[in-house]
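Data block below; observations after.
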Amino acid sequence: MSEALQSLLDLLDLERIEEDIYRGRSRSAVVPRVFGGQVAAQAMVAAGRTVPEDRHAHSLHAYFLRPGDPGAPIVYNVDRLRDGRSFTTRRVVAVQHGKPIFTLSASFQTYEEGLDHQAPMPPAPDPATLPTGEERLRAYPHLPAETVERFLEARAAVDLRYVDDPPFGDFGTPREPHSQVWFRTNGKLADDPLLHVVLATYVSDMTLLDSVLLAHGRGGWAVGDVVGASLDHAMWFHRPFRADEWLLYDQQSPSASGGRGLGQARIHTQDGRLAVSVVQEGVVRVPR
């Protein structure tokens, strides 16, 4: 396991303050606030620790309310909304400086047999044939060295490989609002289904709005031609998967309007199983 991955796992390992109350550390990201994927992942850890082990996460719905302060801890309060025969529901409120910065509702289910179908996996090149994230970033001379280093540090725990140029690599001309990345953690994880859900949640916030930027030829936060932030985030976990094995994150944007952009995505395992569906809306504004 890489040092960066171990550091991330330590970050996600919350301190229990008392019954249903947890505290997490935070750190800055590419932008000067707490990375939204970190808050969502920590909230899922808090929710999952109040749920029986035989119930696995099948969905989450979250709202980002305020920017997180990377210099302060985050307190996660868990409400046990329901414990049914098949489903368990939890609500988590993340608090900093006495104010909620994030809310999450998550549902967990016991395993059962049922109808089964899925959308086919889209075509994509083998991840082994693609440049690493570091190789791509260092190949763009227009990116300031400081920006490159911040990206590499923020994503060091994950091997994330773009199929095509990301928005910050090739911008100025609108492209199809469709982006693909392969990702896996930089090291093996324990055989804990919740841990793999948590890591996928963490990574899912890294690139989902890229497809919005592509549609308008914008490079994004890395080059400063838009400002933005995540507004809400939803995920549905369809089938078991491992976040330490290659996952294809296929993303597209059906709409942008009113200073907001919508991203939709599917996450497939390398052997073609549809593992996760993701939807996110974010603020995407052109600076005046």
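Ordering of the structure tokens sets the chain letters (A, B, ...); residue numbers start at 1 within each chain; ligands are numbered from 1 in the order shown.
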Closest atom pairs, range 108-171 of chain A residues within 9 Å of range 217-225 of chain A, only C-alpha atoms, as JSON lines:
```
{"residue": "A:His142", "atom": "CA", "partner": "A:Val223", "partner_atom": "CA", "distance": 8.7}
{"residue": "A:Leu143", "atom": "CA", "partner": "A:Val223", "partner_atom": "CA", "distance": 7.2}
{"residue": "A:Pro144", "atom": "CA", "partner": "A:Val223", "partner_atom": "CA", "distance": 8.8}
{"residue": "A:Thr147", "atom": "CA", "partner": "A:Ala222", "partner_atom": "CA", "distance": 6.7}
{"residue": "A:Val148", "atom": "CA", "partner": "A:Ala222", "partner_atom": "CA", "distance": 8.7}
{"residue": "A:Phe151", "atom": "CA", "partner": "A:Ala222", "partner_atom": "CA", "distance": 8.7}
{"residue": "A:Pro166", "atom": "CA", "partner": "A:Gly219", "partner_atom": "CA", "distance": 8.1}
{"residue": "A:Pro167", "atom": "CA", "partner": "A:Gly219", "partner_atom": "CA", "distance": 4.6}
{"residue": "A:Phe168", "atom": "CA", "partner": "A:Gly219", "partner_atom": "CA", "distance": 4.0}
{"residue": "A:Gly169", "atom": "CA", "partner": "A:Gly219", "partner_atom": "CA", "distance": 7.1}
{"residue": "A:Asp170", "atom": "CA", "partner": "A:Gly219", "partner_atom": "CA", "distance": 7.2}
{"residue": "A:Phe171", "atom": "CA", "partner": "A:Gly217", "partner_atom": "CA", "distance": 4.9}
```
Handout entry: Spatial neighbours of Leu214 in chain A, max dist 7 Å, only C-alpha atoms, sep filter under 5 positions, as a PyMOL selection string
Key = chain A and resi 167+174-177
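Minimum atom-to-atom distances from A:Val203, A:Val284, A:Glu149, A:Gln180 to Leu130 in chain A were compared using only C-alpha atoms, and the lowest value belongs to A:Gln180.
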Exercise for the section: Quick one: everything within 7 Å of range 71-75 of chain A, counting only C-alpha atoms, minus sequence neighbours fewer than 3 positions away in the same chain. Send it as a VMD selection string. Expected result: chain A and resid 22 to 27 94 to 96
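Across the structure, CA of Gln38 in chain A and CA of Ser211 in chain A are spaced 21.2 Å apart.
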Write out as JSON lines a residue-level contact list of range 227-267 of chain A versus range 155-161 of chain A with cut-off 12 Å: for each qualifying residue the closest pair of atoms and the distance in Å to one decimal, counting only C-alpha atoms, rows sorted by chain and residue number upward.
```
{"residue": "A:Ala243", "atom": "CA", "partner": "A:Val158", "partner_atom": "CA", "distance": 9.5}
{"residue": "A:Asp244", "atom": "CA", "partner": "A:Val158", "partner_atom": "CA", "distance": 8.9}
{"residue": "A:Glu245", "atom": "CA", "partner": "A:Asp159", "partner_atom": "CA", "distance": 10.1}
{"residue": "A:Trp246", "atom": "CA", "partner": "A:Asp159", "partner_atom": "CA", "distance": 9.0}
{"residue": "A:Leu247", "atom": "CA", "partner": "A:Leu160", "partner_atom": "CA", "distance": 9.6}
{"residue": "A:Leu248", "atom": "CA", "partner": "A:Arg161", "partner_atom": "CA", "distance": 9.6}
{"residue": "A:Tyr249", "atom": "CA", "partner": "A:Leu160", "partner_atom": "CA", "distance": 9.9}
```
Pro122 in chain A surroundings by only C-alpha atoms, 12 Å radius, close-in-sequence under 2 positions cut, as a PDB file with all heavy atoms, in the first residue's frame:
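Written file, selection_39.pdb:
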```pdb
ATOM      1  N   GLN A 118     -28.751  -4.754 -16.851  1.00  0.00           N
ATOM      2  CA  GLN A 118     -27.920  -3.564 -16.773  1.00  0.00           C
ATOM      3  C   GLN A 118     -27.653  -3.018 -18.165  1.00  0.00           C
ATOM      4  O   GLN A 118     -27.744  -3.732 -19.164  1.00  0.00           O
ATOM      5  CB  GLN A 118     -26.579  -3.876 -16.096  1.00  0.00           C
ATOM      6  CG  GLN A 118     -25.668  -4.786 -16.921  1.00  0.00           C
ATOM      7  CD  GLN A 118     -24.225  -4.766 -16.430  1.00  0.00           C
ATOM      8  OE1 GLN A 118     -23.948  -5.285 -15.366  1.00  0.00           O
ATOM      9  NE2 GLN A 118     -23.344  -4.173 -17.212  1.00  0.00           N
ATOM     10  N   ALA A 119     -27.324  -1.706 -18.211  1.00  0.00           N
ATOM     11  CA  ALA A 119     -26.876  -1.096 -19.455  1.00  0.00           C
ATOM     12  C   ALA A 119     -25.494  -1.646 -19.790  1.00  0.00           C
ATOM     13  O   ALA A 119     -24.689  -1.929 -18.893  1.00  0.00           O
ATOM     14  CB  ALA A 119     -26.812   0.419 -19.302  1.00  0.00           C
ATOM     15  N   PRO A 120     -25.186  -1.820 -21.059  1.00  0.00           N
ATOM     16  CA  PRO A 120     -23.868  -2.357 -21.420  1.00  0.00           C
ATOM     17  C   PRO A 120     -22.754  -1.378 -21.114  1.00  0.00           C
ATOM     18  O   PRO A 120     -22.959  -0.160 -21.084  1.00  0.00           O
ATOM     19  CB  PRO A 120     -23.993  -2.599 -22.932  1.00  0.00           C
ATOM     20  CG  PRO A 120     -25.047  -1.639 -23.379  1.00  0.00           C
ATOM     21  CD  PRO A 120     -26.021  -1.544 -22.245  1.00  0.00           C
ATOM     22  N   ALA A 124     -13.983   1.400 -24.186  1.00  0.00           N
ATOM     23  CA  ALA A 124     -12.921   2.197 -23.569  1.00  0.00           C
ATOM     24  C   ALA A 124     -11.616   1.442 -23.710  1.00  0.00           C
ATOM     25  O   ALA A 124     -11.600   0.206 -23.658  1.00  0.00           O
ATOM     26  CB  ALA A 124     -13.221   2.468 -22.103  1.00  0.00           C
ATOM     27  N   PRO A 125     -10.497   2.152 -23.887  1.00  0.00           N
ATOM     28  CA  PRO A 125      -9.205   1.465 -23.996  1.00  0.00           C
ATOM     29  C   PRO A 125      -8.786   0.843 -22.672  1.00  0.00           C
ATOM     30  O   PRO A 125      -9.260   1.240 -21.605  1.00  0.00           O
ATOM     31  CB  PRO A 125      -8.241   2.597 -24.403  1.00  0.00           C
ATOM     32  CG  PRO A 125      -8.898   3.845 -23.911  1.00  0.00           C
ATOM     33  CD  PRO A 125     -10.368   3.614 -24.028  1.00  0.00           C
ATOM     34  N   HIS A 178     -18.555  14.544 -22.828  1.00  0.00           N
ATOM     35  CA  HIS A 178     -18.394  13.138 -22.437  1.00  0.00           C
ATOM     36  C   HIS A 178     -16.947  12.919 -22.027  1.00  0.00           C
ATOM     37  O   HIS A 178     -16.021  13.324 -22.743  1.00  0.00           O
ATOM     38  CB  HIS A 178     -18.753  12.216 -23.602  1.00  0.00           C
ATOM     39  CG  HIS A 178     -18.561  10.769 -23.298  1.00  0.00           C
ATOM     40  ND1 HIS A 178     -17.830   9.924 -24.100  1.00  0.00           N
ATOM     41  CD2 HIS A 178     -19.018  10.001 -22.274  1.00  0.00           C
ATOM     42  CE1 HIS A 178     -17.830   8.705 -23.599  1.00  0.00           C
ATOM     43  NE2 HIS A 178     -18.549   8.729 -22.479  1.00  0.00           N
ATOM     44  N   SER A 179     -16.757  12.337 -20.877  1.00  0.00           N
ATOM     45  CA  SER A 179     -15.408  12.107 -20.357  1.00  0.00           C
ATOM     46  C   SER A 179     -15.335  10.714 -19.755  1.00  0.00           C
ATOM     47  O   SER A 179     -16.308  10.230 -19.163  1.00  0.00           O
ATOM     48  CB  SER A 179     -15.072  13.157 -19.290  1.00  0.00           C
ATOM     49  OG  SER A 179     -13.813  12.900 -18.706  1.00  0.00           O
ATOM     50  N   GLN A 180     -14.175  10.077 -19.896  1.00  0.00           N
ATOM     51  CA  GLN A 180     -13.945   8.773 -19.297  1.00  0.00           C
ATOM     52  C   GLN A 180     -12.630   8.777 -18.536  1.00  0.00           C
ATOM     53  O   GLN A 180     -11.620   9.310 -19.021  1.00  0.00           O
ATOM     54  CB  GLN A 180     -13.884   7.672 -20.355  1.00  0.00           C
ATOM     55  CG  GLN A 180     -15.210   7.330 -21.017  1.00  0.00           C
ATOM     56  CD  GLN A 180     -15.058   6.181 -22.005  1.00  0.00           C
ATOM     57  OE1 GLN A 180     -14.050   6.059 -22.702  1.00  0.00           O
ATOM     58  NE2 GLN A 180     -16.066   5.317 -22.083  1.00  0.00           N
ATOM     59  N   LEU A 248     -14.114   1.815 -14.549  1.00  0.00           N
ATOM     60  CA  LEU A 248     -14.304   2.803 -15.609  1.00  0.00           C
ATOM     61  C   LEU A 248     -15.388   3.786 -15.179  1.00  0.00           C
ATOM     62  O   LEU A 248     -16.528   3.401 -14.929  1.00  0.00           O
ATOM     63  CB  LEU A 248     -14.707   2.139 -16.923  1.00  0.00           C
ATOM     64  CG  LEU A 248     -14.999   3.113 -18.077  1.00  0.00           C
ATOM     65  CD1 LEU A 248     -13.743   3.860 -18.509  1.00  0.00           C
ATOM     66  CD2 LEU A 248     -15.626   2.385 -19.258  1.00  0.00           C
ATOM     67  N   TYR A 249     -15.027   5.066 -15.123  1.00  0.00           N
ATOM     68  CA  TYR A 249     -15.949   6.135 -14.742  1.00  0.00           C
ATOM     69  C   TYR A 249     -16.340   6.867 -16.023  1.00  0.00           C
ATOM     70  O   TYR A 249     -15.590   7.687 -16.537  1.00  0.00           O
ATOM     71  CB  TYR A 249     -15.230   7.068 -13.766  1.00  0.00           C
ATOM     72  CG  TYR A 249     -16.102   7.964 -12.922  1.00  0.00           C
ATOM     73  CD1 TYR A 249     -17.482   7.829 -12.869  1.00  0.00           C
ATOM     74  CD2 TYR A 249     -15.524   8.956 -12.135  1.00  0.00           C
ATOM     75  CE1 TYR A 249     -18.254   8.650 -12.071  1.00  0.00           C
ATOM     76  CE2 TYR A 249     -16.284   9.789 -11.333  1.00  0.00           C
ATOM     77  CZ  TYR A 249     -17.649   9.631 -11.303  1.00  0.00           C
ATOM     78  OH  TYR A 249     -18.414  10.462 -10.514  1.00  0.00           O
ATOM     79  N   ASP A 250     -17.515   6.551 -16.542  1.00  0.00           N
ATOM     80  CA  ASP A 250     -17.991   7.097 -17.811  1.00  0.00           C
ATOM     81  C   ASP A 250     -18.975   8.233 -17.501  1.00  0.00           C
ATOM     82  O   ASP A 250     -20.048   8.000 -16.939  1.00  0.00           O
ATOM     83  CB  ASP A 250     -18.683   5.992 -18.622  1.00  0.00           C
ATOM     84  CG  ASP A 250     -19.068   6.449 -20.016  1.00  0.00           C
ATOM     85  OD1 ASP A 250     -18.182   6.504 -20.884  1.00  0.00           O
ATOM     86  OD2 ASP A 250     -20.262   6.749 -20.221  1.00  0.00           O
ATOM     87  N   GLN A 251     -18.619   9.465 -17.893  1.00  0.00           N
ATOM     88  CA  GLN A 251     -19.325  10.663 -17.443  1.00  0.00           C
ATOM     89  C   GLN A 251     -19.831  11.494 -18.618  1.00  0.00           C
ATOM     90  O   GLN A 251     -19.153  11.597 -19.643  1.00  0.00           O
ATOM     91  CB  GLN A 251     -18.370  11.517 -16.598  1.00  0.00           C
ATOM     92  CG  GLN A 251     -17.755  10.766 -15.435  1.00  0.00           C
ATOM     93  CD  GLN A 251     -16.383  11.297 -15.046  1.00  0.00           C
ATOM     94  OE1 GLN A 251     -16.284  12.203 -14.239  1.00  0.00           O
ATOM     95  NE2 GLN A 251     -15.333  10.739 -15.628  1.00  0.00           N
ATOM     96  N   ALA A 265     -23.138   9.835 -14.525  1.00  0.00           N
ATOM     97  CA  ALA A 265     -22.064   8.880 -14.791  1.00  0.00           C
ATOM     98  C   ALA A 265     -22.451   7.470 -14.382  1.00  0.00           C
ATOM     99  O   ALA A 265     -23.359   7.261 -13.569  1.00  0.00           O
ATOM    100  CB  ALA A 265     -20.795   9.305 -14.045  1.00  0.00           C
ATOM    101  N   ARG A 266     -21.735   6.529 -14.971  1.00  0.00           N
ATOM    102  CA  ARG A 266     -21.821   5.126 -14.577  1.00  0.00           C
ATOM    103  C   ARG A 266     -20.421   4.611 -14.330  1.00  0.00           C
ATOM    104  O   ARG A 266     -19.485   4.969 -15.046  1.00  0.00           O
ATOM    105  CB  ARG A 266     -22.502   4.291 -15.673  1.00  0.00           C
ATOM    106  CG  ARG A 266     -23.990   4.599 -15.847  1.00  0.00           C
ATOM    107  CD  ARG A 266     -24.547   3.930 -17.072  1.00  0.00           C
ATOM    108  NE  ARG A 266     -25.996   4.160 -17.209  1.00  0.00           N
ATOM    109  CZ  ARG A 266     -26.681   3.960 -18.311  1.00  0.00           C
ATOM    110  NH1 ARG A 266     -26.059   3.512 -19.399  1.00  0.00           N
ATOM    111  NH2 ARG A 266     -27.975   4.192 -18.354  1.00  0.00           N
ATOM    112  N   ILE A 267     -20.303   3.778 -13.321  1.00  0.00           N
ATOM    113  CA  ILE A 267     -19.019   3.162 -12.987  1.00  0.00           C
ATOM    114  C   ILE A 267     -19.139   1.667 -13.249  1.00  0.00           C
ATOM    115  O   ILE A 267     -20.008   0.991 -12.671  1.00  0.00           O
ATOM    116  CB  ILE A 267     -18.633   3.421 -11.521  1.00  0.00           C
ATOM    117  CG1 ILE A 267     -18.459   4.926 -11.273  1.00  0.00           C
ATOM    118  CG2 ILE A 267     -17.352   2.673 -11.164  1.00  0.00           C
ATOM    119  CD1 ILE A 267     -18.148   5.277  -9.826  1.00  0.00           C
ATOM    120  N   HIS A 268     -18.286   1.173 -14.152  1.00  0.00           N
ATOM    121  CA  HIS A 268     -18.272  -0.246 -14.499  1.00  0.00           C
ATOM    122  C   HIS A 268     -16.976  -0.889 -14.007  1.00  0.00           C
ATOM    123  O   HIS A 268     -15.908  -0.266 -14.013  1.00  0.00           O
ATOM    124  CB  HIS A 268     -18.338  -0.433 -16.024  1.00  0.00           C
ATOM    125  CG  HIS A 268     -19.701  -0.248 -16.607  1.00  0.00           C
ATOM    126  ND1 HIS A 268     -20.225   0.988 -16.917  1.00  0.00           N
ATOM    127  CD2 HIS A 268     -20.665  -1.154 -16.964  1.00  0.00           C
ATOM    128  CE1 HIS A 268     -21.429   0.845 -17.434  1.00  0.00           C
ATOM    129  NE2 HIS A 268     -21.726  -0.439 -17.477  1.00  0.00           N
ATOM    130  N   THR A 269     -17.076  -2.149 -13.623  1.00  0.00           N
ATOM    131  CA  THR A 269     -15.876  -2.924 -13.345  1.00  0.00           C
ATOM    132  C   THR A 269     -15.198  -3.254 -14.673  1.00  0.00           C
ATOM    133  O   THR A 269     -15.794  -3.151 -15.747  1.00  0.00           O
ATOM    134  CB  THR A 269     -16.219  -4.221 -12.604  1.00  0.00           C
ATOM    135  OG1 THR A 269     -17.079  -5.015 -13.438  1.00  0.00           O
ATOM    136  CG2 THR A 269     -16.936  -3.918 -11.291  1.00  0.00           C
ATOM    137  N   GLN A 270     -13.938  -3.672 -14.611  1.00  0.00           N
ATOM    138  CA  GLN A 270     -13.199  -3.939 -15.847  1.00  0.00           C
ATOM    139  C   GLN A 270     -13.808  -5.099 -16.632  1.00  0.00           C
ATOM    140  O   GLN A 270     -13.676  -5.154 -17.860  1.00  0.00           O
ATOM    141  CB  GLN A 270     -11.728  -4.214 -15.539  1.00  0.00           C
ATOM    142  CG  GLN A 270     -10.826  -4.124 -16.766  1.00  0.00           C
ATOM    143  CD  GLN A 270      -9.355  -4.129 -16.427  1.00  0.00           C
ATOM    144  OE1 GLN A 270      -8.959  -4.403 -15.298  1.00  0.00           O
ATOM    145  NE2 GLN A 270      -8.501  -3.828 -17.410  1.00  0.00           N
ATOM    146  N   ASP A 271     -14.514  -6.001 -15.958  1.00  0.00           N
ATOM    147  CA  ASP A 271     -15.149  -7.115 -16.682  1.00  0.00           C
ATOM    148  C   ASP A 271     -16.567  -6.779 -17.139  1.00  0.00           C
ATOM    149  O   ASP A 271     -17.295  -7.661 -17.598  1.00  0.00           O
ATOM    150  CB  ASP A 271     -15.132  -8.392 -15.845  1.00  0.00           C
ATOM    151  CG  ASP A 271     -15.914  -8.269 -14.542  1.00  0.00           C
ATOM    152  OD1 ASP A 271     -16.520  -7.196 -14.302  1.00  0.00           O
ATOM    153  OD2 ASP A 271     -15.920  -9.230 -13.754  1.00  0.00           O
ATOM    154  N   GLY A 272     -16.978  -5.495 -17.017  1.00  0.00           N
ATOM    155  CA  GLY A 272     -18.216  -5.051 -17.637  1.00  0.00           C
ATOM    156  C   GLY A 272     -19.436  -4.928 -16.749  1.00  0.00           C
ATOM    157  O   GLY A 272     -20.505  -4.532 -17.221  1.00  0.00           O
ATOM    158  N   ARG A 273     -19.334  -5.242 -15.465  1.00  0.00           N
ATOM    159  CA  ARG A 273     -20.501  -5.141 -14.593  1.00  0.00           C
ATOM    160  C   ARG A 273     -20.770  -3.682 -14.221  1.00  0.00           C
ATOM    161  O   ARG A 273     -19.849  -2.949 -13.877  1.00  0.00           O
ATOM    162  CB  ARG A 273     -20.291  -5.973 -13.320  1.00  0.00           C
ATOM    163  CG  ARG A 273     -20.329  -7.472 -13.540  1.00  0.00           C
ATOM    164  CD  ARG A 273     -20.043  -8.254 -12.265  1.00  0.00           C
ATOM    165  NE  ARG A 273     -18.682  -8.027 -11.784  1.00  0.00           N
ATOM    166  CZ  ARG A 273     -18.392  -7.394 -10.664  1.00  0.00           C
ATOM    167  NH1 ARG A 273     -19.354  -6.891  -9.907  1.00  0.00           N
ATOM    168  NH2 ARG A 273     -17.138  -7.247 -10.295  1.00  0.00           N
ATOM    169  N   LEU A 274     -22.028  -3.275 -14.276  1.00  0.00           N
ATOM    170  CA  LEU A 274     -22.403  -1.926 -13.843  1.00  0.00           C
ATOM    171  C   LEU A 274     -22.451  -1.921 -12.321  1.00  0.00           C
ATOM    172  O   LEU A 274     -23.310  -2.560 -11.711  1.00  0.00           O
ATOM    173  CB  LEU A 274     -23.752  -1.521 -14.430  1.00  0.00           C
ATOM    174  CG  LEU A 274     -24.297  -0.156 -13.987  1.00  0.00           C
ATOM    175  CD1 LEU A 274     -23.322   0.970 -14.331  1.00  0.00           C
ATOM    176  CD2 LEU A 274     -25.659   0.104 -14.616  1.00  0.00           C
TER     177      LEU A 274
END
```
Handout entry: Counting only C-alpha atoms, the option among A:Glu113, A:Asp13, A:Glu135, A:Glu18 closest to Leu199 in chain A
Key = A:Asp13
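With distances restricted to only C-alpha atoms, A:Phe241 is the closest residue to His196 in chain A from A:Ala275, A:Phe241, A:His216, A:Gly68.
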Exercise for the section: Would you please work out which residue, of A:Ala145, A:Ile101, A:Ala190, A:Leu5, is nearest to Arg33 in chain A when using only C-alpha atoms? Expected result: A:Ile101
Exercise for the section: Give me every strand (DSSP E) residue in range 137-266 of chain A, going by DSSP on the backbone, as an MDAnalysis selection string. Expected result: chainID A and resid 158:162 178:185 227:237 247:257 260:266
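For the set A:Asp191, A:Asp79, A:Glu153, A:Glu134, the residue with the smallest atom-to-atom gap to Thr103 in chain A is A:Asp79, counting only C-alpha atoms.
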Exercise for the section: Find the spatial neighbours of Ala62 in chain A, counting only C-alpha atoms, within a cut-off of 6 Å - ignore same-chain residues fewer than 4 positions away - and output them as a ChimeraX atom specification. Expected result: /A:103-104,232-233
Any chance you can output those residues with all heavy atoms as a CSV table (one decimal), in the first residue's frame?
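Output file part20.csv follows:
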```
chain,number,residue,atom,x,y,z
A,103,THR,N,-25.0,17.6,4.4
A,103,THR,CA,-25.9,16.6,4.9
A,103,THR,C,-25.9,15.5,3.9
A,103,THR,O,-25.7,15.6,2.7
A,103,THR,CB,-27.3,17.2,5.0
A,103,THR,OG1,-27.8,17.5,3.7
A,103,THR,CG2,-27.4,18.4,5.9
A,104,LEU,N,-26.2,14.3,4.5
A,104,LEU,CA,-26.2,13.1,3.7
A,104,LEU,C,-27.2,12.1,4.2
A,104,LEU,O,-27.4,12.0,5.4
A,104,LEU,CB,-24.8,12.4,3.7
A,104,LEU,CG,-24.7,11.0,3.0
A,104,LEU,CD1,-23.3,10.9,2.3
A,104,LEU,CD2,-24.8,9.9,4.0
A,232,ASP,N,-24.9,19.2,-5.0
A,232,ASP,CA,-25.5,18.0,-4.5
A,232,ASP,C,-24.9,16.8,-5.2
A,232,ASP,O,-24.2,16.9,-6.3
A,232,ASP,CB,-27.0,17.9,-4.6
A,232,ASP,CG,-27.6,18.1,-6.0
A,232,ASP,OD1,-26.8,18.1,-6.9
A,232,ASP,OD2,-28.8,18.3,-6.1
A,233,HIS,N,-25.1,15.6,-4.6
A,233,HIS,CA,-24.4,14.4,-5.1
A,233,HIS,C,-25.2,13.2,-4.8
A,233,HIS,O,-25.7,13.1,-3.6
A,233,HIS,CB,-23.0,14.3,-4.5
A,233,HIS,CG,-22.0,13.4,-5.1
A,233,HIS,ND1,-21.3,13.7,-6.2
A,233,HIS,CD2,-21.7,12.1,-4.8
A,233,HIS,CE1,-20.5,12.7,-6.5
A,233,HIS,NE2,-20.8,11.7,-5.7
```
Exercise for the section: Show which residues sit within 12 Å of Asp205 in chain A, as a count of residues only. Count only C-alpha atoms, and ignore same-chain residues fewer than 4 positions away. Expected result: 35
Completion exercise
Students should find that CA of Gln252 in chain A and CA of Tyr140 in chain A are spaced 23.6 Å
